[in-house]
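Participant: Take this structure first; my questions come after.
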Amino acid sequence: TTKLTVNSSGATVAGTLAATAVTGDGSGLTNLPSAGLSDYSTFVNSTEKVTVAATAATGTINYDTDTQSVIYYTSNAAADWTINFRAASGTTLNSKLAIGEAITLVHLVTIGGAEYRNTVVQVDGSSITPEWQGGSAPTEGNANSIDSYTYTIIKTGDAAFTILAALVQFA
């Protein structure tokens, strides 16, 4: 086995690999053997992509999972909204996840005096009713706060998903 350490954008990932060729410059490794990595590999101080936007939540928000793990809308929400998870414009999340895989995503929404909230959740344009923490969907947002919506999307079949959702208030 060979110890591999990759420095990319300030991140360090280490693991033990079976002897094999690994190519790439650290910005996107190719030919990385997955069979040599432990299912319980340890990562220290990993980072996630966050999009911070002076945007108000309203209408349908397309959440492109290929470009971020967290979206933070810093302008006050203007109305209730729909969130649509997809990999990217023209690429479905269904095509990116295998059955039995999951992805966890966060939408941070600044809420002013009006208690707006996420009312519809979609994957690739199809509505899915999430299983909400506590047993029921929120009926309003939290005034004068940052509402943190966390969604764990589990692919259970072809174009079939279970979504676990939670809303937490930060004020």
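If you're wondering about the labels, chains in the structure tokens are A, B, ... by order shown, residues count from 1 in each chain, ligands from 1 in order shown.
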Neighbours of A:Val168 within 9 Å (only C-alpha atoms; same-chain residues fewer than 3 positions away dropped), as a PDB file with N, CA and C atoms, in the first residue's frame?
Facilitator:
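So around_32.pdb came out as:
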ATOM      1  N   ILE A 146     -32.116  34.199  10.866  1.00  0.00           N
ATOM      2  CA  ILE A 146     -31.622  33.417   9.737  1.00  0.00           C
ATOM      3  C   ILE A 146     -32.171  32.017   9.964  1.00  0.00           C
ATOM      4  N   ASP A 147     -33.012  31.560   9.042  1.00  0.00           N
ATOM      5  CA  ASP A 147     -33.562  30.213   9.128  1.00  0.00           C
ATOM      6  C   ASP A 147     -32.642  29.276   8.364  1.00  0.00           C
ATOM      7  N   SER A 148     -32.274  28.189   9.000  1.00  0.00           N
ATOM      8  CA  SER A 148     -31.396  27.190   8.395  1.00  0.00           C
ATOM      9  C   SER A 148     -32.209  25.951   8.073  1.00  0.00           C
ATOM     10  N   TYR A 149     -32.388  25.706   6.782  1.00  0.00           N
ATOM     11  CA  TYR A 149     -33.080  24.507   6.313  1.00  0.00           C
ATOM     12  C   TYR A 149     -32.026  23.482   5.924  1.00  0.00           C
ATOM     13  N   THR A 150     -32.090  22.304   6.519  1.00  0.00           N
ATOM     14  CA  THR A 150     -31.174  21.220   6.188  1.00  0.00           C
ATOM     15  C   THR A 150     -31.987  20.087   5.578  1.00  0.00           C
TER      16      THR A 150
END
Participant: Hey, what's within 8 Å of stretch 94-110 of chain A if we count only C-alpha atoms and toss same-chain stuff fewer than 3 positions away? As a PyMOL selection string, please?
Facilitator: chain A and resi 56-57+65+69-77+86-87+91+124+144-159
Participant: Could you turn the residues from that selection into a file that holds N, CA and C atoms, as an mmCIF file, in the first residue's frame?
Facilitator:
data_model
loop_
_atom_site.group_PDB
_atom_site.id
_atom_site.type_symbol
_atom_site.label_atom_id
_atom_site.label_comp_id
_atom_site.auth_asym_id
_atom_site.auth_seq_id
_atom_site.Cartn_x
_atom_site.Cartn_y
_atom_site.Cartn_z
ATOM 1 N N ALA A 56 -33.017 37.415 -2.264
ATOM 2 C CA ALA A 56 -34.183 37.179 -1.409
ATOM 3 C C ALA A 56 -34.859 35.890 -1.846
ATOM 4 N N ALA A 57 -35.172 35.023 -0.904
ATOM 5 C CA ALA A 57 -35.901 33.800 -1.224
ATOM 6 C C ALA A 57 -37.307 34.168 -1.685
ATOM 7 N N THR A 65 -26.536 21.257 -6.891
ATOM 8 C CA THR A 65 -25.680 20.541 -5.943
ATOM 9 C C THR A 65 -24.249 20.377 -6.439
ATOM 10 N N SER A 69 -22.604 23.217 -1.293
ATOM 11 C CA SER A 69 -23.278 22.412 -0.270
ATOM 12 C C SER A 69 -24.192 23.276 0.572
ATOM 13 N N VAL A 70 -23.895 24.573 0.596
ATOM 14 C CA VAL A 70 -24.661 25.541 1.384
ATOM 15 C C VAL A 70 -24.928 26.757 0.517
ATOM 16 N N ILE A 71 -26.157 27.252 0.552
ATOM 17 C CA ILE A 71 -26.500 28.539 -0.065
ATOM 18 C C ILE A 71 -26.994 29.441 1.059
ATOM 19 N N TYR A 72 -26.449 30.656 1.111
ATOM 20 C CA TYR A 72 -26.841 31.630 2.135
ATOM 21 C C TYR A 72 -27.410 32.856 1.437
ATOM 22 N N TYR A 73 -28.736 33.054 1.554
ATOM 23 C CA TYR A 73 -29.407 34.223 0.998
ATOM 24 C C TYR A 73 -29.412 35.310 2.069
ATOM 25 N N THR A 74 -28.739 36.419 1.795
ATOM 26 C CA THR A 74 -28.545 37.454 2.811
ATOM 27 C C THR A 74 -29.612 38.551 2.780
ATOM 28 N N SER A 75 -30.426 38.620 1.737
ATOM 29 C CA SER A 75 -31.521 39.599 1.688
ATOM 30 C C SER A 75 -32.784 38.966 2.263
ATOM 31 N N ASN A 76 -33.624 39.784 2.878
ATOM 32 C CA ASN A 76 -34.853 39.268 3.485
ATOM 33 C C ASN A 76 -35.726 38.553 2.466
ATOM 34 N N ALA A 77 -36.255 37.397 2.851
ATOM 35 C CA ALA A 77 -37.171 36.649 1.996
ATOM 36 C C ALA A 77 -38.328 37.553 1.593
ATOM 37 N N ARG A 86 -31.232 19.972 -7.941
ATOM 38 C CA ARG A 86 -30.775 19.356 -9.178
ATOM 39 C C ARG A 86 -29.254 19.398 -9.151
ATOM 40 N N ALA A 87 -28.601 18.620 -10.000
ATOM 41 C CA ALA A 87 -27.140 18.644 -10.025
ATOM 42 C C ALA A 87 -26.661 19.965 -10.625
ATOM 43 N N THR A 91 -28.729 18.986 -15.837
ATOM 44 C CA THR A 91 -28.232 17.723 -15.273
ATOM 45 C C THR A 91 -29.051 17.388 -14.036
ATOM 46 N N ASP A 124 -35.268 17.528 -9.097
ATOM 47 C CA ASP A 124 -35.356 17.499 -10.562
ATOM 48 C C ASP A 124 -36.739 17.913 -11.058
ATOM 49 N N ASN A 144 -37.159 37.981 11.838
ATOM 50 C CA ASN A 144 -35.912 38.624 12.263
ATOM 51 C C ASN A 144 -34.837 37.606 12.641
ATOM 52 N N SER A 145 -34.649 36.630 11.760
ATOM 53 C CA SER A 145 -33.720 35.536 12.010
ATOM 54 C C SER A 145 -33.041 35.111 10.724
ATOM 55 N N ILE A 146 -32.116 34.199 10.866
ATOM 56 C CA ILE A 146 -31.622 33.417 9.737
ATOM 57 C C ILE A 146 -32.171 32.017 9.964
ATOM 58 N N ASP A 147 -33.012 31.560 9.042
ATOM 59 C CA ASP A 147 -33.562 30.213 9.128
ATOM 60 C C ASP A 147 -32.642 29.276 8.364
ATOM 61 N N SER A 148 -32.274 28.189 9.000
ATOM 62 C CA SER A 148 -31.396 27.190 8.395
ATOM 63 C C SER A 148 -32.209 25.951 8.073
ATOM 64 N N TYR A 149 -32.388 25.706 6.782
ATOM 65 C CA TYR A 149 -33.080 24.507 6.313
ATOM 66 C C TYR A 149 -32.026 23.482 5.924
ATOM 67 N N THR A 150 -32.090 22.304 6.519
ATOM 68 C CA THR A 150 -31.174 21.220 6.188
ATOM 69 C C THR A 150 -31.987 20.087 5.578
ATOM 70 N N TYR A 151 -31.508 19.610 4.436
ATOM 71 C CA TYR A 151 -32.199 18.546 3.713
ATOM 72 C C TYR A 151 -31.210 17.405 3.469
ATOM 73 N N THR A 152 -31.567 16.203 3.894
ATOM 74 C CA THR A 152 -30.807 15.017 3.523
ATOM 75 C C THR A 152 -31.648 14.275 2.501
ATOM 76 N N ILE A 153 -31.109 14.166 1.292
ATOM 77 C CA ILE A 153 -31.818 13.541 0.182
ATOM 78 C C ILE A 153 -31.226 12.150 -0.026
ATOM 79 N N ILE A 154 -32.045 11.125 0.140
ATOM 80 C CA ILE A 154 -31.619 9.732 0.014
ATOM 81 C C ILE A 154 -32.260 9.153 -1.244
ATOM 82 N N LYS A 155 -31.427 8.635 -2.150
ATOM 83 C CA LYS A 155 -31.968 8.022 -3.364
ATOM 84 C C LYS A 155 -32.347 6.582 -3.036
ATOM 85 N N THR A 156 -33.645 6.280 -3.165
ATOM 86 C CA THR A 156 -34.166 4.954 -2.814
ATOM 87 C C THR A 156 -34.513 4.110 -4.033
ATOM 88 N N GLY A 157 -34.507 4.700 -5.213
ATOM 89 C CA GLY A 157 -34.813 4.008 -6.465
ATOM 90 C C GLY A 157 -34.582 4.976 -7.604
ATOM 91 N N ASP A 158 -34.835 4.544 -8.836
ATOM 92 C CA ASP A 158 -34.666 5.441 -9.972
ATOM 93 C C ASP A 158 -35.684 6.576 -9.871
ATOM 94 N N ALA A 159 -35.194 7.796 -9.738
ATOM 95 C CA ALA A 159 -36.030 8.994 -9.579
ATOM 96 C C ALA A 159 -36.949 8.892 -8.365
#
Participant: From a DSSP pass on the backbone, collect the residues of stretch 74-157 of chain A flagged as alpha helix (DSSP H) and hand them back as a JSON list (two decimals) with N, CA and C atoms, in the first residue's frame.
Facilitator:
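Final output, out.json:
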[["chain", "number", "residue", "atom", "x", "y", "z"],
["A", 93, "LEU", "N", -30.19, 15.48, -10.54],
["A", 93, "LEU", "CA", -29.59, 14.89, -9.35],
["A", 93, "LEU", "C", -29.74, 13.37, -9.41],
["A", 94, "ASN", "N", -30.84, 12.91, -10.01],
["A", 94, "ASN", "CA", -31.07, 11.47, -10.18],
["A", 94, "ASN", "C", -29.91, 10.82, -10.93],
["A", 95, "SER", "N", -29.34, 11.52, -11.93],
["A", 95, "SER", "CA", -28.24, 10.96, -12.72],
["A", 95, "SER", "C", -26.92, 10.95, -11.95],
["A", 96, "LYS", "N", -26.82, 11.74, -10.91],
["A", 96, "LYS", "CA", -25.58, 11.85, -10.14],
["A", 96, "LYS", "C", -25.51, 10.92, -8.94]]
Participant: Using DSSP secondary structure from the backbone, list all strand (DSSP E) positions within stretch 42-139 of chain A, as number ranges by chain.
Facilitator: A: 50-53, 59-64, 70-73, 81-86, 102-111, 118-123, 126-127, 131-132
Participant: Determine the nearest neighbour of A:Pro130 from the options A:Glu48, A:Ile111, A:Tyr116, A:Ile163, counting only C-alpha atoms.
Facilitator: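 When distances to A:Pro130 are compared using only C-alpha atoms, the smallest one comes from A:Ile163.
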